[in-house]
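Enquirer: For reference, the file input-v3.tsv (TSV, C-alpha atoms) is included below:
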```
chain	number	residue	atom	x	y	z
J	1	MET	CA	27.51	144.49	-21.88
J	2	ASP	CA	29.74	144.12	-24.90
J	3	GLU	CA	33.20	145.61	-25.27
J	4	ALA	CA	32.00	148.34	-27.63
J	5	MET	CA	29.50	149.63	-25.09
J	6	THR	CA	32.05	149.42	-22.29
J	7	GLY	CA	34.53	151.40	-24.36
J	8	LEU	CA	31.91	154.00	-25.16
J	9	ILE	CA	30.99	154.47	-21.50
J	10	THR	CA	34.63	154.62	-20.48
J	11	GLY	CA	35.30	157.21	-23.17
J	12	LEU	CA	32.33	159.29	-22.06
J	13	LEU	CA	33.44	159.15	-18.44
J	14	ALA	CA	36.97	160.14	-19.40
J	15	ALA	CA	35.60	163.03	-21.48
J	16	LEU	CA	33.42	164.19	-18.59
J	17	VAL	CA	36.38	164.04	-16.20
J	18	ALA	CA	38.53	165.97	-18.66
J	19	LEU	CA	35.77	168.52	-19.18
J	20	GLY	CA	35.27	168.95	-15.43
J	21	THR	CA	39.01	169.32	-14.90
J	22	ALA	CA	39.22	171.91	-17.66
J	23	ILE	CA	36.28	173.86	-16.24
J	24	TRP	CA	37.79	173.77	-12.73
J	25	THR	CA	41.21	174.80	-14.03
J	26	ASN	CA	39.78	177.68	-16.05
J	27	ALA	CA	37.64	178.82	-13.12
J	28	ARG	CA	40.65	178.75	-10.83
J	29	ALA	CA	42.77	180.68	-13.34
J	30	GLU	CA	40.02	183.26	-13.79
J	31	ARG	CA	39.74	183.61	-10.03
J	32	ARG	CA	43.49	184.15	-9.68
J	33	GLN	CA	43.37	186.70	-12.48
J	34	GLU	CA	40.42	188.45	-10.84
J	35	VAL	CA	42.24	188.59	-7.48
J	36	SER	CA	45.38	189.88	-9.17
J	37	GLN	CA	43.46	192.53	-11.10
J	38	ARG	CA	41.64	193.64	-7.97
J	39	ALA	CA	44.93	193.87	-6.05
J	40	GLN	CA	46.47	195.91	-8.88
J	41	TRP	CA	43.40	198.13	-9.00
J	42	THR	CA	43.61	198.73	-5.24
J	43	HIS	CA	47.36	199.37	-5.52
J	44	ASP	CA	46.85	201.93	-8.30
J	45	ARG	CA	44.02	203.72	-6.51
J	46	ARG	CA	46.05	203.98	-3.31
J	47	ARG	CA	49.14	205.13	-5.20
J	48	ASP	CA	47.10	207.87	-6.89
J	49	ALA	CA	45.58	208.92	-3.55
J	50	TYR	CA	49.01	209.07	-1.90
J	51	LEU	CA	50.51	211.06	-4.78
J	52	THR	CA	47.58	213.49	-4.81
J	53	PHE	CA	47.87	214.06	-1.07
J	54	SER	CA	51.65	214.45	-1.21
J	55	LYS	CA	51.32	216.99	-4.02
J	56	ALA	CA	48.70	218.96	-2.07
J	57	ALA	CA	50.82	218.84	1.09
J	58	ARG	CA	53.85	220.13	-0.82
J	59	ALA	CA	51.76	222.90	-2.35
J	60	PHE	CA	50.58	224.01	1.09
J	61	VAL	CA	54.12	224.53	2.38
J	62	PRO	CA	54.29	228.28	3.09
J	63	LEU	CA	55.48	229.98	-0.08
J	64	THR	CA	58.67	231.58	1.11
J	65	GLU	CA	62.13	230.85	-0.20
J	66	GLU	CA	63.37	229.98	3.28
J	67	MET	CA	60.69	227.37	3.90
J	68	PHE	CA	61.17	225.84	0.47
J	69	LEU	CA	64.88	225.49	1.19
J	70	LEU	CA	64.13	223.98	4.59
J	71	PHE	CA	61.94	221.32	3.00
J	72	ALA	CA	64.42	220.50	0.22
J	73	ARG	CA	67.31	220.43	2.67
J	74	ALA	CA	65.45	218.08	5.01
J	75	ASP	CA	64.95	215.63	2.13
J	76	ALA	CA	68.61	215.78	1.17
J	77	ALA	CA	69.76	215.32	4.77
J	78	HIS	CA	67.46	212.32	5.23
J	79	VAL	CA	68.94	210.61	2.17
J	80	THR	CA	72.61	211.45	2.64
J	81	THR	CA	73.16	211.36	6.41
J	82	PRO	CA	74.41	207.92	7.50
J	83	VAL	CA	72.77	206.41	10.56
J	84	PRO	CA	75.49	205.45	13.07
J	85	GLU	CA	75.43	202.41	15.25
J	86	PRO	CA	73.64	203.16	18.54
J	87	GLU	CA	75.91	203.89	21.50
J	88	PHE	CA	75.10	202.92	25.05
J	89	THR	CA	76.06	204.28	28.44
J	90	VAL	CA	77.62	202.17	31.16
J	91	ASP	CA	74.11	201.60	32.49
J	92	GLY	CA	73.02	200.15	29.17
J	93	GLU	CA	70.85	203.10	28.22
J	94	GLN	CA	70.95	204.21	24.60
J	95	MET	CA	72.56	207.61	24.09
J	96	ALA	CA	70.99	210.49	22.14
J	97	LEU	CA	70.47	209.80	18.47
J	98	TYR	CA	72.47	211.53	15.76
J	99	GLU	CA	71.65	214.92	14.32
J	100	THR	CA	71.48	215.40	10.55
J	101	TRP	CA	73.25	218.31	8.90
J	102	HIS	CA	69.81	219.72	8.13
J	103	GLN	CA	69.02	219.88	11.82
J	104	ALA	CA	72.40	221.43	12.57
J	105	LEU	CA	71.73	224.19	10.02
J	106	MET	CA	68.12	224.80	11.07
J	107	PRO	CA	67.71	228.52	11.83
J	108	ASP	CA	66.58	229.56	15.28
J	109	GLU	CA	63.66	231.46	13.82
J	110	VAL	CA	61.57	230.89	10.70
J	111	ALA	CA	59.92	233.87	9.08
J	112	GLU	CA	56.14	233.88	9.20
J	113	PRO	CA	54.56	233.31	5.76
J	114	GLY	CA	53.98	236.42	3.69
J	115	GLU	CA	50.78	237.87	2.29
J	116	GLN	CA	51.07	235.94	-0.98
J	117	TRP	CA	50.85	232.63	0.88
J	118	LYS	CA	48.11	233.87	3.21
J	119	GLN	CA	45.95	234.77	0.22
J	120	ALA	CA	46.51	231.39	-1.44
J	121	ALA	CA	46.27	229.34	1.78
J	122	PRO	CA	42.46	228.86	1.96
J	123	GLU	CA	42.32	227.25	-1.48
J	124	LEU	CA	45.46	225.23	-0.81
J	125	LEU	CA	43.98	224.01	2.47
J	126	GLN	CA	40.77	223.01	0.70
J	127	ASP	CA	42.80	221.00	-1.83
J	128	LEU	CA	44.71	219.34	0.99
J	129	THR	CA	41.47	218.44	2.78
J	130	ALA	CA	40.02	216.90	-0.38
J	131	ALA	CA	43.25	214.95	-0.93
J	132	TYR	CA	43.07	213.68	2.65
J	133	ASP	CA	39.59	212.30	1.95
J	134	GLY	CA	41.14	210.19	-0.81
J	135	VAL	CA	43.76	208.74	1.54
J	136	ASP	CA	41.12	208.14	4.22
J	137	LEU	CA	38.90	206.25	1.77
J	138	GLU	CA	41.58	204.29	-0.09
J	139	GLY	CA	44.41	203.77	2.33
J	140	PRO	CA	44.72	201.63	5.45
J	141	ARG	CA	44.04	203.25	8.80
J	142	GLU	CA	47.68	203.74	9.79
J	143	ILE	CA	48.56	206.00	6.87
J	144	ALA	CA	45.25	207.87	7.13
J	145	LYS	CA	46.24	208.82	10.68
J	146	VAL	CA	49.56	210.22	9.45
J	147	ALA	CA	47.78	212.17	6.71
J	148	TYR	CA	45.33	213.57	9.26
J	149	SER	CA	48.18	214.82	11.46
J	150	ILE	CA	49.52	216.71	8.42
J	151	LEU	CA	46.09	218.20	7.84
J	152	ALA	CA	45.79	219.22	11.50
J	153	THR	CA	49.20	220.92	11.41
J	154	ALA	CA	48.22	222.67	8.17
J	155	HIS	CA	45.16	224.11	9.90
J	156	ARG	CA	47.36	225.43	12.70
J	157	LEU	CA	49.78	227.05	10.26
J	158	HIS	CA	46.85	228.52	8.35
J	159	THR	CA	45.55	230.14	11.55
J	160	GLY	CA	48.99	231.67	11.92
J	161	MET	CA	50.80	233.58	14.61
J	162	PRO	CA	47.66	234.68	16.55
J	163	LEU	CA	47.12	231.03	17.50
J	164	PHE	CA	50.68	230.63	18.75
J	165	GLU	CA	50.54	233.93	20.62
J	166	MET	CA	47.42	232.66	22.40
J	167	GLU	CA	49.14	229.37	23.20
J	168	GLU	CA	52.16	231.26	24.49
J	169	LYS	CA	49.97	232.87	27.14
J	170	TYR	CA	48.46	229.50	28.09
J	171	GLN	CA	51.85	227.78	28.35
J	172	GLU	CA	53.67	230.43	30.36
J	173	GLU	CA	55.17	229.03	33.51
J	174	ILE	CA	56.80	230.71	36.47
J	175	ASP	CA	60.23	229.33	37.33
J	176	GLU	CA	61.86	229.42	40.77
J	177	ASP	CA	63.14	232.96	40.19
J	178	GLY	CA	59.70	234.22	39.25
J	179	ARG	CA	60.51	234.57	35.55
J	180	ARG	CA	58.38	233.42	32.67
J	181	GLY	CA	59.72	230.12	31.37
J	182	GLY	CA	57.22	229.00	28.74
J	183	PRO	CA	58.00	228.86	25.00
J	184	SER	CA	57.42	231.99	22.96
J	185	ALA	CA	54.93	232.21	20.10
J	186	GLN	CA	57.86	232.22	17.66
J	187	ILE	CA	59.27	229.01	19.14
J	188	LEU	CA	55.85	227.37	18.96
J	189	PHE	CA	55.51	228.45	15.33
J	190	ASN	CA	59.00	227.15	14.48
J	191	GLU	CA	58.20	223.78	16.02
J	192	GLU	CA	54.94	223.56	14.07
J	193	VAL	CA	56.83	224.15	10.82
J	194	ARG	CA	59.34	221.44	11.74
J	195	GLN	CA	56.48	219.11	12.66
J	196	TYR	CA	54.88	219.64	9.25
J	197	PHE	CA	58.08	218.65	7.47
J	198	ARG	CA	58.70	215.66	9.75
J	199	VAL	CA	55.23	214.20	9.35
J	200	LEU	CA	55.21	214.82	5.60
J	201	ALA	CA	58.49	212.91	5.26
J	202	ASN	CA	56.97	210.15	7.41
J	203	PHE	CA	53.90	210.01	5.18
J	204	ARG	CA	55.96	209.65	2.03
J	205	GLN	CA	58.10	206.89	3.54
J	206	GLN	CA	55.08	205.00	4.87
J	207	ALA	CA	53.27	205.31	1.54
J	208	LYS	CA	56.30	203.90	-0.27
J	209	THR	CA	56.57	201.00	2.16
J	210	LEU	CA	52.87	200.11	1.89
J	211	LEU	CA	52.95	200.21	-1.91
J	212	GLU	CA	56.07	198.02	-2.04
J	213	GLN	CA	54.47	195.49	0.31
J	214	ALA	CA	51.30	195.42	-1.81
J	215	GLY	CA	53.33	195.08	-4.99
```
Please go through the file and, once you have read it, give me the structure as structure tokens.
Expert:
Amino acid sequence: MDEAMTGLITGLLAALVALGTAIWTNARAERRQEVSQRAQWTHDRRRDAYLTFSKAARAFVPLTEEMFLLFARADAAHVTTPVPEPEFTVDGEQMALYETWHQALMPDEVAEPGEQWKQAAPELLQDLTAAYDGVDLEGPREIAKVAYSILATAHRLHTGMPLFEMEEKYQEEIDEDGRRGGPSAQILFNEEVRQYFRVLANFRQQAKTLLEQAG
């Protein structure tokens, strides 16, 4: 084999190697781009599902001025109240956690929603249920569970005081003096309202964390 033929074969082999390398590099780059695009697509779909659910959950909040102020005040207290260092007893047990100024100002009783909210509630609850489906389909299981707890609480608030009056009868207890010691329907209702706000704040924080991690 003469030198010309050897050079030609060597050149062809080098070209084939270069072509194969280029094809592999391009395929790898396209794969990375595809993975990145899919991740961004998933991120955007989840973000939209979380925002839609959060909007529906906000809209369902009973339409009274007092409850709106409670919700807004809870947000402000969460942001502005510093979290102190935990304190411990002599036995090493952690003492009670701090109370935000929102909790300190929480009224003993919350007025039951008015007729305007009761008329709008069925449609608002339907919107919230549809928004939950989006979170359930798009989001991971942990945030879908939080969203479902909001939906369950919304159903209880939609049923209204008759439900809590029924539960009051079931939860009545007789203390040592023979007096009724169970929580009243109003207390049960108040706690359900607080629960709605707490879980909604938890949902928003968890959604933000998951989106930041995915980003």
Enquirer: Go ahead and compute the interatomic distance for CA of Ala49 in chain J and CA of Pro113 in chain J, in Å to one decimal.
Expert: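 Distance reported for this atom pair: 27.6 Å.
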Enquirer: Rank J:Val61, J:Leu210, J:Leu137, J:Ala56 by their smallest atom-to-atom distance to Gly114 in chain J, using only C-alpha atoms, and report the top residue only.
Expert: J:Val61
Enquirer: Pick from J:Ala207, J:Ala154, J:Ala147, J:Ile23: nearest to Gly134 in chain J, with all atoms listed in the file counted?
Expert: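 Closest residue, counting all atoms listed in the file: J:Ala147.
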Enquirer: Could you work out how far CA of Leu157 in chain J lies from CA of Asn202 in chain J, giving the answer in Å with one decimal?
Expert: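 So the answer is 18.6 Å.
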Enquirer: Please tabulate, as JSON lines, the residues of range 141-211 of chain J that come within 9 Å of range 115-132 of chain J, each with its closest pair of atoms and the distance in Å to one decimal, counting only C-alpha atoms and ordering rows by chain, then residue number upward.
Expert:
```
{"residue": "J:Ala144", "atom": "CA", "partner": "J:Tyr132", "partner_atom": "CA", "distance": 7.7}
{"residue": "J:Ala147", "atom": "CA", "partner": "J:Tyr132", "partner_atom": "CA", "distance": 6.4}
{"residue": "J:Tyr148", "atom": "CA", "partner": "J:Tyr132", "partner_atom": "CA", "distance": 7.0}
{"residue": "J:Leu151", "atom": "CA", "partner": "J:Thr129", "partner_atom": "CA", "distance": 6.9}
{"residue": "J:Ala154", "atom": "CA", "partner": "J:Leu125", "partner_atom": "CA", "distance": 7.2}
{"residue": "J:His155", "atom": "CA", "partner": "J:Leu125", "partner_atom": "CA", "distance": 7.5}
{"residue": "J:His158", "atom": "CA", "partner": "J:Ala121", "partner_atom": "CA", "distance": 6.6}
```
Enquirer: Can you write just those residues out, C-alpha atoms, as a PDB file, keeping the file's coordinate frame?
Expert:
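Result file follows (result.pdb):
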```
ATOM      1  CA  ALA J 144      45.250 207.870   7.130  1.00  0.00           C
ATOM      2  CA  ALA J 147      47.780 212.170   6.710  1.00  0.00           C
ATOM      3  CA  TYR J 148      45.330 213.570   9.260  1.00  0.00           C
ATOM      4  CA  LEU J 151      46.090 218.200   7.840  1.00  0.00           C
ATOM      5  CA  ALA J 154      48.220 222.670   8.170  1.00  0.00           C
ATOM      6  CA  HIS J 155      45.160 224.110   9.900  1.00  0.00           C
ATOM      7  CA  HIS J 158      46.850 228.520   8.350  1.00  0.00           C
TER       8      HIS J 158
END
```
Enquirer: Enter the distance from CA of Tyr196 in chain J to CA of Ile150 in chain J, in Å, rounded to one decimal.
Expert: 6.2 Å
Enquirer: Which residues are near Ser54 in chain J? Cut-off 8 Å, all atoms listed in the file, ignore same chain within fewer than 4 positions. Put them as a VMD selection string.
Expert: chain J and resid 50 58 200 204
Enquirer: Of the residues J:Ala201, J:Val146, J:Ala152, J:Ile187, which is the one nearest to Glu165 in chain J, using all atoms listed in the file?
Expert: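 Comparing J:Ala201, J:Val146, J:Ala152, J:Ile187 against Glu165 in chain J, the winner is J:Ile187.
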